[in-house]
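Colleague: Contents of coords-v5.cif (mmCIF, C-alpha atoms):
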```cif
data_input
#
loop_
_atom_site.label_atom_id
_atom_site.label_comp_id
_atom_site.auth_asym_id
_atom_site.auth_seq_id
_atom_site.Cartn_x
_atom_site.Cartn_y
_atom_site.Cartn_z
CA MET A 1 74.03 89.97 94.36
CA ASN A 2 72.37 86.83 95.68
CA ASP A 3 72.55 85.70 99.29
CA GLN A 4 75.19 83.04 98.63
CA THR A 5 77.52 85.48 96.89
CA ARG A 6 76.99 88.07 99.61
CA GLU A 7 77.86 85.47 102.23
CA GLN A 8 81.02 84.44 100.38
CA LEU A 9 82.18 88.03 100.14
CA GLN A 10 81.58 88.77 103.82
CA GLU A 11 83.54 85.67 104.75
CA LEU A 12 86.35 86.87 102.49
CA LEU A 13 86.29 90.29 104.17
CA ASP A 14 85.93 88.71 107.61
CA TYR A 15 83.27 91.29 108.34
CA ARG A 16 79.48 91.04 108.42
CA PHE A 17 77.55 94.13 107.38
CA ARG A 18 74.54 95.36 109.28
CA ASP A 19 73.67 97.63 106.37
CA GLN A 20 73.93 95.43 103.29
CA SER A 21 73.31 98.41 100.99
CA LEU A 22 76.74 99.77 101.90
CA LEU A 23 78.34 96.54 100.74
CA SER A 24 76.44 96.66 97.44
CA GLU A 25 77.33 100.31 96.90
CA SER A 26 81.04 99.61 97.49
CA LEU A 27 81.00 97.13 94.61
CA THR A 28 79.05 99.23 92.11
CA HIS A 29 81.18 100.81 89.40
CA SER A 30 80.05 104.00 87.70
CA SER A 31 79.69 102.10 84.41
CA LEU A 32 76.64 100.32 85.83
CA ALA A 33 75.17 102.87 88.22
CA ASP A 34 72.27 105.06 87.06
CA SER A 35 74.19 108.02 88.50
CA ARG A 36 77.80 108.45 89.58
CA LEU A 37 76.41 109.47 92.97
CA LEU A 38 75.03 105.94 93.23
CA SER A 39 78.38 104.32 92.35
CA ASN A 40 81.27 103.51 94.69
CA GLU A 41 83.20 106.67 93.80
CA ARG A 42 82.29 108.59 96.99
CA LEU A 43 83.12 105.55 99.12
CA GLU A 44 86.40 105.21 97.24
CA PHE A 45 87.26 108.81 98.14
CA LEU A 46 86.57 108.20 101.83
CA GLY A 47 88.30 104.83 101.90
CA ASP A 48 91.47 106.28 100.43
CA SER A 49 91.74 108.69 103.38
CA ILE A 50 90.92 106.03 105.98
CA LEU A 51 93.56 103.74 104.50
CA ALA A 52 96.17 106.49 104.60
CA LEU A 53 95.29 107.33 108.22
CA VAL A 54 95.57 103.72 109.40
CA ILE A 55 98.84 103.15 107.56
CA CYS A 56 100.35 106.41 108.86
CA LYS A 57 99.18 105.65 112.42
CA THR A 58 100.62 102.14 112.26
CA LEU A 59 103.97 103.20 110.82
CA PHE A 60 104.30 106.07 113.31
CA SER A 61 103.73 103.75 116.28
CA ARG A 62 105.68 100.75 115.01
CA PHE A 63 108.81 102.56 113.87
CA PRO A 64 109.64 105.28 116.43
CA ASP A 65 113.21 105.65 115.16
CA TYR A 66 112.29 106.23 111.52
CA LEU A 67 112.65 109.71 110.08
CA GLU A 68 109.82 111.39 108.20
CA GLY A 69 111.39 110.45 104.89
CA ASP A 70 111.58 106.78 105.89
CA LEU A 71 107.94 106.73 106.94
CA THR A 72 106.81 108.59 103.82
CA LYS A 73 108.63 106.16 101.56
CA ILE A 74 106.91 103.14 103.10
CA LYS A 75 103.51 104.85 103.29
CA SER A 76 103.62 105.92 99.65
CA MET A 77 104.34 102.39 98.53
CA LEU A 78 101.60 100.85 100.69
CA VAL A 79 98.73 103.19 99.75
CA SER A 80 99.56 103.42 96.04
CA ARG A 81 96.92 102.44 93.50
CA LYS A 82 99.25 99.74 92.24
CA THR A 83 99.49 98.12 95.67
CA CYS A 84 95.75 98.42 96.31
CA ALA A 85 95.02 96.89 92.92
CA ARG A 86 97.35 93.97 93.54
CA LEU A 87 95.94 93.25 96.99
CA ALA A 88 92.37 93.50 95.73
CA ALA A 89 93.18 91.18 92.83
CA ASP A 90 94.86 88.72 95.21
CA MET A 91 91.65 88.67 97.25
CA GLY A 92 89.55 88.31 94.11
CA LEU A 93 87.44 91.38 94.88
CA GLN A 94 87.05 92.20 91.20
CA HIS A 95 84.93 89.05 90.78
CA PHE A 96 82.27 90.60 93.02
CA ALA A 97 82.20 93.93 91.17
CA HIS A 98 79.04 95.28 89.58
CA VAL A 99 80.21 96.75 86.28
CA GLY A 100 78.74 97.68 82.91
CA LYS A 101 78.71 95.41 79.90
CA GLY A 102 82.19 94.69 78.53
CA ILE A 103 84.03 96.33 81.43
CA ASP A 104 84.70 92.96 83.04
CA LYS A 105 86.97 92.05 80.13
CA THR A 106 89.19 95.12 80.38
CA ARG A 107 92.59 95.39 82.03
CA ALA A 108 91.12 97.92 84.45
CA MET A 109 89.24 95.13 86.24
CA SER A 110 92.46 93.98 87.88
CA GLY A 111 93.85 97.51 88.03
CA SER A 112 92.06 100.75 88.82
CA ILE A 113 88.63 99.16 89.30
CA ALA A 114 90.01 96.56 91.73
CA ALA A 115 91.88 99.26 93.66
CA GLY A 116 88.75 101.39 93.84
CA ILE A 117 86.70 98.51 95.16
CA LEU A 118 89.20 97.85 97.94
CA GLU A 119 89.13 101.50 99.01
CA ALA A 120 85.33 101.59 98.78
CA VAL A 121 85.02 98.43 100.89
CA ILE A 122 87.25 100.03 103.55
CA ALA A 123 84.91 103.03 103.67
CA ALA A 124 81.82 100.80 103.75
CA ILE A 125 83.20 98.88 106.75
CA TYR A 126 84.03 102.18 108.45
CA LEU A 127 80.53 103.61 107.92
CA ASP A 128 78.87 100.35 108.95
CA GLY A 129 80.94 99.46 112.00
CA GLY A 130 83.27 102.34 112.86
CA PHE A 131 87.01 102.90 112.81
CA GLU A 132 88.15 99.77 114.69
CA PRO A 133 86.76 97.13 112.30
CA ALA A 134 88.03 99.17 109.34
CA GLU A 135 91.46 99.31 110.95
CA ARG A 136 91.43 95.56 111.63
CA PHE A 137 90.55 94.86 108.01
CA ILE A 138 93.29 97.13 106.69
CA LEU A 139 95.96 95.67 108.96
CA ARG A 140 94.94 92.13 108.06
CA VAL A 141 95.20 92.87 104.34
CA PHE A 142 98.24 95.16 104.42
CA GLY A 143 100.08 93.59 107.39
CA PRO A 144 102.39 91.29 105.39
CA LEU A 145 103.38 94.20 103.14
CA ILE A 146 104.12 96.37 106.17
CA GLU A 147 106.49 93.72 107.48
CA LYS A 148 108.14 93.30 104.09
CA ALA A 149 108.54 97.05 103.62
CA ASP A 150 110.10 97.32 107.05
CA ALA A 151 112.62 94.60 106.24
CA GLN A 152 113.70 96.57 103.16
CA GLN A 153 113.67 99.97 104.84
CA HIS A 154 115.38 98.60 107.93
CA GLN A 155 118.56 98.14 105.94
CA GLU A 156 118.72 101.92 105.46
CA ASN A 157 117.83 102.87 109.02
CA PHE A 158 121.07 102.97 110.96
CA LYS A 159 119.50 103.62 114.37
CA SER A 160 117.32 100.52 114.08
CA LEU A 161 120.25 98.37 112.97
CA LEU A 162 122.42 99.62 115.80
CA GLN A 163 119.73 99.14 118.42
CA GLN A 164 119.07 95.59 117.25
CA HIS A 165 122.77 94.75 117.43
CA ALA A 166 123.29 96.39 120.84
CA GLN A 167 120.32 94.66 122.43
CA GLN A 168 121.08 91.25 120.97
CA MET A 169 124.84 91.24 121.53
CA GLN A 170 125.32 93.44 124.59
CA SER A 171 121.87 93.72 126.19
CA GLU A 172 122.34 97.48 125.98
CA THR A 173 120.30 100.29 124.45
CA PRO A 174 122.20 102.96 122.52
CA ILE A 175 122.11 106.42 124.11
CA TYR A 176 122.33 109.50 121.91
CA GLU A 177 123.98 112.56 123.45
CA VAL A 178 123.82 116.07 122.01
CA LEU A 179 127.35 117.43 122.31
CA ASP A 180 126.97 120.79 120.60
CA GLU A 181 124.63 122.93 118.54
CA LYS A 182 125.36 125.89 116.33
CA GLY A 183 123.47 128.53 114.38
CA PRO A 184 120.40 130.68 114.98
CA ASP A 185 117.15 129.13 116.18
CA HIS A 186 115.70 128.96 112.69
CA ASN A 187 118.77 127.31 111.20
CA LYS A 188 120.50 125.18 113.83
CA CYS A 189 122.71 122.16 113.35
CA PHE A 190 123.51 119.57 115.99
CA GLU A 191 126.43 117.36 116.97
CA VAL A 192 125.43 114.00 118.39
CA ALA A 193 127.41 111.00 119.66
CA VAL A 194 126.10 107.56 120.47
CA VAL A 195 127.14 105.60 123.56
CA ILE A 196 126.64 101.89 124.10
CA GLY A 197 127.53 100.81 127.59
CA ARG A 198 131.01 102.24 128.18
CA GLN A 199 131.85 102.65 124.53
CA ARG A 200 131.49 106.05 122.85
CA PHE A 201 131.59 106.35 119.06
CA ALA A 202 132.54 109.19 116.74
CA SER A 203 130.09 112.08 116.73
CA ALA A 204 128.26 113.43 113.71
CA TRP A 205 126.57 116.68 112.68
CA GLY A 206 123.09 117.07 111.22
CA VAL A 207 120.62 119.84 110.47
CA THR A 208 118.18 118.14 112.87
CA LYS A 209 118.81 116.03 115.95
CA LYS A 210 117.27 113.01 114.23
CA GLU A 211 119.57 113.36 111.24
CA ALA A 212 122.60 113.71 113.50
CA GLU A 213 121.50 110.61 115.43
CA GLN A 214 121.23 108.60 112.21
CA LYS A 215 124.70 109.70 111.16
CA ALA A 216 126.13 108.94 114.61
CA ALA A 217 124.56 105.47 114.48
CA ARG A 218 126.09 105.03 111.04
CA ASN A 219 129.55 105.86 112.45
CA ALA A 220 129.05 103.28 115.17
CA LEU A 221 128.01 100.61 112.68
CA VAL A 222 131.14 101.27 110.62
CA ARG A 223 133.31 101.07 113.74
CA LEU A 224 131.67 97.79 114.73
CA ASP A 225 132.26 96.42 111.20
CA LEU A 226 128.52 95.90 110.72
CA ILE A 227 128.44 97.93 107.50
CA GLU A 228 131.09 98.98 105.03
CA ALA A 229 132.31 102.58 105.10
CA GLU A 230 131.10 103.14 101.54
CA ASP A 231 127.62 101.91 102.50
CA ALA A 232 127.49 104.53 105.21
CA ILE A 233 127.93 107.37 102.76
CA ARG A 234 124.61 106.74 100.94
#
```
Could you show the structure in this file as structure tokens?

Modeller:
Amino acid sequence: MNDQTREQLQELLDYRFRDQSLLSESLTHSSLADSRLLSNERLEFLGDSILALVICKTLFSRFPDYLEGDLTKIKSMLVSRKTCARLAADMGLQHFAHVGKGIDKTRAMSGSIAAGILEAVIAAIYLDGGFEPAERFILRVFGPLIEKADAQQHQENFKSLLQQHAQQMQSETPIYEVLDEKGPDHNKCFEVAVVIGRQRFASAWGVTKKEAEQKAARNALVRLDLIEAEDAIR
């Protein structure tokens, strides 16, 4: 890679490497490397875990009302090879790849190879500059998708919908009250009702408090005519 190309890539990544060998290694596919240990495969392995950590950390902090299943659904979509490949291709990372003869004309260049380069670059930034610059890079690249995923998932998260409505229309925050619980410690179920200001809505049961809260929020949304009753049964 010549100096001009290296400069273009670092501008694209919005990160300047102190150790340029890490950048070169992140771009080197096993088809060109003298040994697989000299390819980007090890960096790809590390980058995959760093990406997952940053995405999980971000979703956990940004969406405190989302259940584990909600968070898992968004996370799985964001860190998938398909998503990584698309984002890498959108950035044009595959054009900087060091690959063996003929590989550049295969479909994998915009698929698995592109995804691997993105993950390897994440690891290279992490090893060169630490967690914070790697996190900044990930959030810059994946940020729009996080917002889009939230908009889709938000429609299925009754607590979030109810809170948004209550704060916008009544300047109130919904309060969830545990009315009853039944069963042994290892197999309890809970009854929860939601209160907004002076208005109390029909309670609901769930095998966890969070599930009961979601169902109680769903009852409130039906009562407020914000969703149809059949939508609430999903």

Colleague: Hey, what's within 8 Å of stretch 191-198 of chain A if we count only C-alpha atoms and toss same-chain stuff fewer than 3 positions away? As a list in words, please?

Modeller: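 Here the qualifying residues turn out to be Ala166, Glu172, Thr173, Pro174, Ile175, Tyr176, Glu177, Val178, Leu179, Asp180, Glu181, Phe201, Ala202, Ser203, Ala204, Trp205, Gly206, Lys209, Ala212, Glu213, Ala216, Ala217 and Ala220 of chain A.
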
Colleague: Report as a count of residues only the full result of the PyMOL selection byres ((chain A and resi 137) around 9) when it is applied to this structure.

Modeller: 15

Colleague: Between A:Ala114, A:Val54, A:Leu23, A:Leu226, which one has atoms that come closest to A:Ile146, using all atoms listed in the file?

Modeller: A:Val54

Colleague: Residue by residue, what does the PyMOL selection byres ((chain A and resi 40-50) around 8) grab here? Present the result as a VMD selection string.

Modeller: chain A and resid 25 to 30 36 to 39 51 to 54 79 116 to 124

Colleague: Counting only C-alpha atoms, which residue out of A:Gly69, A:Ser171, A:Gly129, A:Ser76 sits closest to A:Glu211?

Modeller: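 Distance minimum relative to A:Glu211 lands on A:Gly69.
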
Colleague: I'd like to know which of A:Asn157, A:Asn187, A:Thr5, A:Ser24 is closest to A:Val207, using all atoms listed in the file.

Modeller: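 Of all the options, A:Asn187 lies closest to A:Val207.
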
Colleague: Applying the PyMOL selection byres ((chain A and resi 89) around 12) to the file I just gave you, which residues come out? Please list them as a ChimeraX atom specification.

Modeller: /A:81-88,90-97,107-118,141

Colleague: How about saving the chosen residues, C-alpha atoms kept, as a JSON list (two decimals), in the frame of the given file?

Modeller:
```
[["chain", "number", "residue", "atom", "x", "y", "z"],
["A", 81, "ARG", "CA", 96.92, 102.44, 93.50],
["A", 82, "LYS", "CA", 99.25, 99.74, 92.24],
["A", 83, "THR", "CA", 99.49, 98.12, 95.67],
["A", 84, "CYS", "CA", 95.75, 98.42, 96.31],
["A", 85, "ALA", "CA", 95.02, 96.89, 92.92],
["A", 86, "ARG", "CA", 97.35, 93.97, 93.54],
["A", 87, "LEU", "CA", 95.94, 93.25, 96.99],
["A", 88, "ALA", "CA", 92.37, 93.50, 95.73],
["A", 90, "ASP", "CA", 94.86, 88.72, 95.21],
["A", 91, "MET", "CA", 91.65, 88.67, 97.25],
["A", 92, "GLY", "CA", 89.55, 88.31, 94.11],
["A", 93, "LEU", "CA", 87.44, 91.38, 94.88],
["A", 94, "GLN", "CA", 87.05, 92.20, 91.20],
["A", 95, "HIS", "CA", 84.93, 89.05, 90.78],
["A", 96, "PHE", "CA", 82.27, 90.60, 93.02],
["A", 97, "ALA", "CA", 82.20, 93.93, 91.17],
["A", 107, "ARG", "CA", 92.59, 95.39, 82.03],
["A", 108, "ALA", "CA", 91.12, 97.92, 84.45],
["A", 109, "MET", "CA", 89.24, 95.13, 86.24],
["A", 110, "SER", "CA", 92.46, 93.98, 87.88],
["A", 111, "GLY", "CA", 93.85, 97.51, 88.03],
["A", 112, "SER", "CA", 92.06, 100.75, 88.82],
["A", 113, "ILE", "CA", 88.63, 99.16, 89.30],
["A", 114, "ALA", "CA", 90.01, 96.56, 91.73],
["A", 115, "ALA", "CA", 91.88, 99.26, 93.66],
["A", 116, "GLY", "CA", 88.75, 101.39, 93.84],
["A", 117, "ILE", "CA", 86.70, 98.51, 95.16],
["A", 118, "LEU", "CA", 89.20, 97.85, 97.94],
["A", 141, "VAL", "CA", 95.20, 92.87, 104.34]]
```

Colleague: Figure out the distance between atom CA of A:Asn219 and atom CA of A:Arg62, please, to one decimal in Å.

Modeller: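 Result for atom CA of A:Arg62 versus atom CA of A:Asn219: 24.5 Å, one decimal.
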
Colleague: Give me, please, the distance in Å between atom CA of A:Leu221 and atom CA of A:Gln170, quoted to one decimal.

Modeller: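 Atom CA of A:Leu221 sits 14.2 Å away from atom CA of A:Gln170.
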